[in-house]
Amino acid sequence: MRIDIISVLPELMESPFKASILKRAMQKEIAEVHFHHLREWGFGKHRQIDDEPYGGGAGMVMMVEPIDNCISSLKAERNYDEVIYLTPDGETLNQKIANTLSIQENLIFLCGHYKGIDQRVRELHVTKEISIGDYVLTGGELAACVLADSVIRLIPGVLNDEQSALTDSFQDDLLSPPIYTRPEEYKGLKVPDVLLSGHTQNIEDWRYDEAVRITQEKRPDLLNK
Ligand code: 6GU
């Protein structure tokens, strides 16, 4: 998978791809992430990329032409499955969206800033709008990292069997059951006997029952879906 991320602040997004599982995905060439500094497509000496809104009002608007030129230059190189605009008014990211995107080949992520982008960028290029939740961030960059992480880890070969995404919370609309490691007892708190029993079926049943109980307690909305 190739992800091209367009932003005015690409430096905000470098470290998540330089550690742990995402780093390994890059090294194994299962995923590649390319950053594009929108300023390089800006106008004039100041590389202008935003301007005042028609009709007045507070805040600046990201201009259509630099973004159009940047996206068009990428599209001239390869076909893209989706052009995703990260915006608080997009569809809220969930595991199903991540699953769907994880089987795509080429994606563009466009990070919004200021008051947002000129509407004509949406009309010309954007095929999907995604938000990561009902709160406002200063820009789409952190959301782009969250989206990229949720998608890249699902690509076959990124996680090993032990990390398998199939047992993730949300993959079956259940939260994960409690987990324990050594020691068997700590400050009077004991690991449940069943986990020490070696009885595979009982362990599996216990984990499922606990997952249902915890989901009922914390996120009953998931059970009612
Ligand atoms: Cl994608 N962008 C911004 N600026 N704020 C957000 C968001 C995105 N998702 C949730 N809040």
# chains A, B, ... in the order shown; residues from 1 in each chain; ligands from 1
>>> closest_atom_pairs(of="chain A", to="ligand 1", cutoff="7 Å", atoms="only C-alpha atoms and all ligand atoms", output="CSV")
residue,atom,partner,partner_atom_place_in_ligand_line,distance
A:Leu86,CA,ligand 1,1 (Cl),3.7
A:Thr87,CA,ligand 1,1 (Cl),3.7
A:Pro88,CA,ligand 1,7 (C),4.0
A:Gly112,CA,ligand 1,4 (N),6.4
A:His113,CA,ligand 1,4 (N),6.6
A:Ile130,CA,ligand 1,1 (Cl),5.8
A:Ser131,CA,ligand 1,9 (N),3.7
A:Ile132,CA,ligand 1,9 (N),3.9
A:Gly133,CA,ligand 1,10 (C),4.4
A:Asp134,CA,ligand 1,10 (C),5.7
A:Tyr135,CA,ligand 1,11 (N),4.8
A:Val136,CA,ligand 1,5 (N),4.1
A:Leu137,CA,ligand 1,5 (N),3.7
A:Thr138,CA,ligand 1,4 (N),5.1
A:Gly139,CA,ligand 1,4 (N),3.8
A:Gly140,CA,ligand 1,2 (N),3.9
A:Ala143,CA,ligand 1,1 (Cl),4.8
A:Ala144,CA,ligand 1,1 (Cl),6.9
>>> write_last_selection(atoms="C-alpha atoms", output="PDB file, in the first residue's frame")
ATOM      1  CA  LEU A  86      -9.471  14.522   7.126  1.00  0.00           C
ATOM      2  CA  THR A  87     -12.085  16.836   8.579  1.00  0.00           C
ATOM      3  CA  PRO A  88     -14.197  17.023  11.758  1.00  0.00           C
ATOM      4  CA  GLY A 112      -7.266  20.306   6.492  1.00  0.00           C
ATOM      5  CA  HIS A 113      -6.172  23.424   8.343  1.00  0.00           C
ATOM      6  CA  ILE A 130     -13.166  11.080   7.607  1.00  0.00           C
ATOM      7  CA  SER A 131     -13.186  12.429  11.167  1.00  0.00           C
ATOM      8  CA  ILE A 132     -11.637  10.601  14.123  1.00  0.00           C
ATOM      9  CA  GLY A 133     -14.267  11.697  16.638  1.00  0.00           C
ATOM     10  CA  ASP A 134     -16.536  14.429  17.882  1.00  0.00           C
ATOM     11  CA  TYR A 135     -13.960  16.938  19.057  1.00  0.00           C
ATOM     12  CA  VAL A 136     -11.867  19.516  17.239  1.00  0.00           C
ATOM     13  CA  LEU A 137      -8.143  19.237  16.523  1.00  0.00           C
ATOM     14  CA  THR A 138      -5.957  22.082  15.255  1.00  0.00           C
ATOM     15  CA  GLY A 139      -5.550  20.284  11.934  1.00  0.00           C
ATOM     16  CA  GLY A 140      -6.006  16.972  10.160  1.00  0.00           C
ATOM     17  CA  ALA A 143      -6.085  12.374  12.504  1.00  0.00           C
ATOM     18  CA  ALA A 144      -4.156  11.305   9.378  1.00  0.00           C
TER      19      ALA A 144
END
>>> residues_around(residues="range 32-39 of chain A", least_positions_apart="6", cutoff="6 Å", atoms="only C-alpha atoms", output="PyMOL selection string")
chain A and resi 2-8+26+47
>>> residues_around(residues="range 16-19 of chain A", least_positions_apart="5", cutoff="10 Å", atoms="only C-alpha atoms", output="list of chain:residue names")
A:Arg24, A:Ala25, A:Met26, A:Gln27, A:Glu32, A:Val33, A:Leu142, A:Cys145, A:Val146, A:Ala148, A:Asp149
>>> write_last_selection(atoms="all heavy atoms", output="tab-separated table (two decimals), in the first residue's frame")
chain	number	residue	atom	x	y	z
A	24	ARG	N	8.27	-1.27	11.03
A	24	ARG	CA	8.54	-2.57	10.41
A	24	ARG	C	7.77	-2.74	9.10
A	24	ARG	O	8.30	-3.28	8.13
A	24	ARG	CB	8.25	-3.71	11.38
A	24	ARG	CG	9.39	-4.71	11.41
A	24	ARG	CD	9.08	-6.02	12.13
A	24	ARG	NE	7.76	-6.52	11.90
A	24	ARG	CZ	6.86	-6.70	12.85
A	24	ARG	NH1	7.15	-6.41	14.10
A	24	ARG	NH2	5.67	-7.17	12.55
A	25	ALA	N	6.54	-2.24	9.07
A	25	ALA	CA	5.75	-2.32	7.83
A	25	ALA	C	6.45	-1.56	6.70
A	25	ALA	O	6.43	-1.99	5.54
A	25	ALA	CB	4.35	-1.77	8.07
A	26	MET	N	7.07	-0.43	7.04
A	26	MET	CA	7.82	0.36	6.04
A	26	MET	C	9.07	-0.42	5.61
A	26	MET	O	9.37	-0.52	4.42
A	26	MET	CB	8.29	1.70	6.60
A	26	MET	CG	7.26	2.57	7.26
A	26	MET	SD	6.05	3.23	6.13
A	26	MET	CE	4.61	3.00	7.14
A	27	GLN	N	9.78	-0.96	6.59
A	27	GLN	CA	11.03	-1.67	6.28
A	27	GLN	C	10.77	-2.90	5.42
A	27	GLN	O	11.55	-3.22	4.54
A	27	GLN	CB	11.75	-2.08	7.58
A	27	GLN	CG	12.42	-0.90	8.27
A	27	GLN	CD	12.94	-1.25	9.66
A	27	GLN	OE1	12.49	-2.22	10.27
A	27	GLN	NE2	13.87	-0.46	10.15
A	32	GLU	N	4.18	2.11	2.21
A	32	GLU	CA	5.04	3.28	2.10
A	32	GLU	C	4.20	4.53	2.28
A	32	GLU	O	3.07	4.61	1.81
A	32	GLU	CB	5.81	3.30	0.77
A	32	GLU	CG	4.98	3.01	-0.45
A	32	GLU	CD	5.83	2.90	-1.72
A	32	GLU	OE1	6.45	3.91	-2.09
A	32	GLU	OE2	5.84	1.82	-2.34
A	33	VAL	N	4.77	5.49	3.03
A	33	VAL	CA	4.07	6.75	3.28
A	33	VAL	C	4.93	7.88	2.72
A	33	VAL	O	6.12	7.95	3.02
A	33	VAL	CB	3.82	6.95	4.79
A	33	VAL	CG1	3.17	8.30	5.05
A	33	VAL	CG2	2.95	5.83	5.34
A	142	LEU	N	-2.86	14.93	12.95
A	142	LEU	CA	-2.89	13.84	13.94
A	142	LEU	C	-3.94	12.82	13.55
A	142	LEU	O	-3.75	11.61	13.73
A	142	LEU	CB	-3.13	14.39	15.36
A	142	LEU	CG	-2.05	15.35	15.86
A	142	LEU	CD1	-2.37	15.82	17.28
A	142	LEU	CD2	-0.69	14.70	15.83
A	145	CYS	N	-2.51	10.49	10.99
A	145	CYS	CA	-1.66	9.46	11.61
A	145	CYS	C	-2.52	8.36	12.22
A	145	CYS	O	-2.19	7.17	12.09
A	145	CYS	CB	-0.78	10.08	12.69
A	145	CYS	SG	0.46	11.19	12.04
A	146	VAL	N	-3.58	8.73	12.88
A	146	VAL	CA	-4.48	7.74	13.49
A	146	VAL	C	-5.08	6.85	12.40
A	146	VAL	O	-5.08	5.62	12.50
A	146	VAL	CB	-5.61	8.45	14.28
A	146	VAL	CG1	-6.71	7.47	14.68
A	146	VAL	CG2	-5.05	9.14	15.52
A	148	ALA	N	-3.90	6.31	9.32
A	148	ALA	CA	-2.85	5.48	8.69
A	148	ALA	C	-2.49	4.31	9.60
A	148	ALA	O	-2.35	3.17	9.13
A	148	ALA	CB	-1.61	6.33	8.40
A	149	ASP	N	-2.36	4.54	10.89
A	149	ASP	CA	-2.03	3.46	11.83
A	149	ASP	C	-3.11	2.39	11.81
A	149	ASP	O	-2.83	1.19	11.69
A	149	ASP	CB	-1.86	4.07	13.24
A	149	ASP	CG	-1.41	3.05	14.27
A	149	ASP	OD1	-2.05	1.98	14.38
A	149	ASP	OD2	-0.43	3.32	14.99
>>> residues_around(residues="Ser72 in chain A", least_positions_apart="5", cutoff="10 Å", atoms="only C-alpha atoms", output="MDAnalysis selection string")
chainID A and resid 66:67 77 124:125
>>> write_last_selection(atoms="N, CA, C and O atoms", output="compact mmCIF listing (two decimals), in the first residue's frame")
# COMPACT_ATOMS: atom_id res chain seq x y z
N PRO A 66 -3.48 25.33 -5.28
CA PRO A 66 -2.31 24.54 -4.84
C PRO A 66 -2.68 23.08 -4.56
O PRO A 66 -1.92 22.17 -4.94
N ILE A 67 -3.83 22.87 -3.94
CA ILE A 67 -4.23 21.48 -3.62
C ILE A 67 -4.54 20.72 -4.90
O ILE A 67 -4.13 19.56 -5.07
N GLU A 77 0.74 10.14 -11.84
CA GLU A 77 1.73 9.07 -11.65
C GLU A 77 1.11 7.70 -11.48
O GLU A 77 1.70 6.68 -11.81
N LEU A 124 -13.75 18.44 -6.90
CA LEU A 124 -12.81 17.96 -7.91
C LEU A 124 -12.17 16.62 -7.55
O LEU A 124 -11.95 15.78 -8.42
N HIS A 125 -11.86 16.42 -6.28
CA HIS A 125 -10.98 15.28 -5.94
C HIS A 125 -11.43 14.39 -4.79
O HIS A 125 -11.11 13.21 -4.79
>>> atom_distance(atom1="CA of Leu107 in chain A", atom2="CA of Leu166 in chain A")
23.4 Å
>>> atom_distance(atom1="CA of Met62 in chain A", atom2="CA of Lys115 in chain A")
7.8 Å
>>> select_by_dssp(residues="range 68-158 of chain A", states="helix (DSSP H, G or I)", output="VMD selection string")
chain A and resid 68 to 75 95 to 102 119 to 124 141 to 152
>>> closest_residue(among="A:Gln48, A:Leu175, A:Ile155, A:Leu9", to="Arg213 in chain A", atoms="only C-alpha atoms")
A:Leu175
>>> select_by_dssp(residues="range 112-174 of chain A", states="strand (DSSP E or B)", output="list in words")
Ile117, Lys128, Glu129, Ile130 and Ser131 of chain A
>>> residues_around(residues="Ser169 in chain A", least_positions_apart="5", cutoff="12 Å", atoms="only C-alpha atoms", output="NGL selection string")
:A and (94-95 or 164 or 174-178 or 208 or 211-212 or 214-215 or 219 or 222)
>>> write_last_selection(atoms="C-alpha atoms", output="compact mmCIF listing (two decimals), in the first residue's frame")
# COMPACT_ATOMS: atom_id res chain seq x y z
CA ASN A 94 -14.43 2.95 12.90
CA GLN A 95 -12.96 -0.53 12.46
CA SER A 164 -3.18 -10.91 15.02
CA LEU A 174 -16.68 -6.96 21.48
CA LEU A 175 -14.12 -5.35 23.76
CA SER A 176 -11.15 -7.48 24.82
CA PRO A 177 -11.28 -9.68 27.95
CA PRO A 178 -8.85 -9.02 30.84
CA TYR A 208 -15.70 -14.86 25.52
CA ALA A 211 -15.62 -9.94 26.66
CA VAL A 212 -19.43 -9.90 26.60
CA ILE A 214 -17.12 -5.98 29.79
CA THR A 215 -18.78 -4.82 26.57
CA ARG A 219 -20.10 -0.11 25.66
CA LEU A 222 -21.80 -2.27 20.60
>>> residues_around(residues="Glu204 in chain A", least_positions_apart="6", cutoff="12 Å", atoms="only C-alpha atoms", output="JSON, numbers by chain")
{"A": [167, 177, 194, 195, 197, 198, 210, 211]}
>>> atom_distance(atom1="CA of Leu110 in chain A", atom2="CA of Tyr85 in chain A")
4.7 Å
>>> closest_residue(among="A:Ser15, A:Tyr54, A:Pro10, A:Lys23", to="Val158 in chain A", atoms="only C-alpha atoms")
A:Lys23
>>> closest_residue(among="A:Ile179, A:Ile108, A:Val121, A:Met1", to="Ile30 in chain A", atoms="only C-alpha atoms")
A:Met1
>>> closest_residue(among="A:Glu123, A:Thr92, A:Gly116, A:Gly42", to="Ala58 in chain A", atoms="only C-alpha atoms")
A:Gly116
>>> residues_around(residues="Tyr80 in chain A", least_positions_apart="3", cutoff="9 Å", atoms="only C-alpha atoms", output="number ranges by chain")
A: 74-75, 83, 104-108
>>> write_last_selection(atoms="N, CA, C and O atoms", output="mmCIF file, in the first residue's frame")
data_model
loop_
_atom_site.group_PDB
_atom_site.id
_atom_site.type_symbol
_atom_site.label_atom_id
_atom_site.label_comp_id
_atom_site.auth_asym_id
_atom_site.auth_seq_id
_atom_site.Cartn_x
_atom_site.Cartn_y
_atom_site.Cartn_z
ATOM 1 N N LEU A 74 0.026 13.936 -8.439
ATOM 2 C CA LEU A 74 0.064 12.555 -7.927
ATOM 3 C C LEU A 74 -0.760 11.624 -8.814
ATOM 4 O O LEU A 74 -0.327 10.525 -9.157
ATOM 5 N N LYS A 75 -1.942 12.105 -9.202
ATOM 6 C CA LYS A 75 -2.816 11.271 -10.034
ATOM 7 C C LYS A 75 -2.221 10.994 -11.410
ATOM 8 O O LYS A 75 -2.581 10.011 -12.056
ATOM 9 N N VAL A 83 -9.352 9.480 -2.375
ATOM 10 C CA VAL A 83 -8.739 10.716 -1.899
ATOM 11 C C VAL A 83 -9.523 11.104 -0.650
ATOM 12 O O VAL A 83 -10.704 11.451 -0.723
ATOM 13 N N GLN A 104 -6.870 -1.559 0.018
ATOM 14 C CA GLN A 104 -6.623 -0.683 -1.127
ATOM 15 C C GLN A 104 -5.126 -0.589 -1.440
ATOM 16 O O GLN A 104 -4.280 -0.914 -0.603
ATOM 17 N N GLU A 105 -4.837 -0.129 -2.631
ATOM 18 C CA GLU A 105 -3.459 -0.061 -3.120
ATOM 19 C C GLU A 105 -2.845 1.334 -2.884
ATOM 20 O O GLU A 105 -1.785 1.459 -2.293
ATOM 21 N N ASN A 106 -3.535 2.371 -3.368
ATOM 22 C CA ASN A 106 -3.010 3.743 -3.301
ATOM 23 C C ASN A 106 -4.040 4.687 -2.696
ATOM 24 O O ASN A 106 -5.173 4.760 -3.177
ATOM 25 N N LEU A 107 -3.613 5.415 -1.675
ATOM 26 C CA LEU A 107 -4.521 6.359 -1.011
ATOM 27 C C LEU A 107 -3.867 7.729 -0.895
ATOM 28 O O LEU A 107 -2.655 7.822 -0.683
ATOM 29 N N ILE A 108 -4.681 8.777 -1.030
ATOM 30 C CA ILE A 108 -4.225 10.130 -0.715
ATOM 31 C C ILE A 108 -4.967 10.600 0.528
ATOM 32 O O ILE A 108 -6.194 10.439 0.619
#
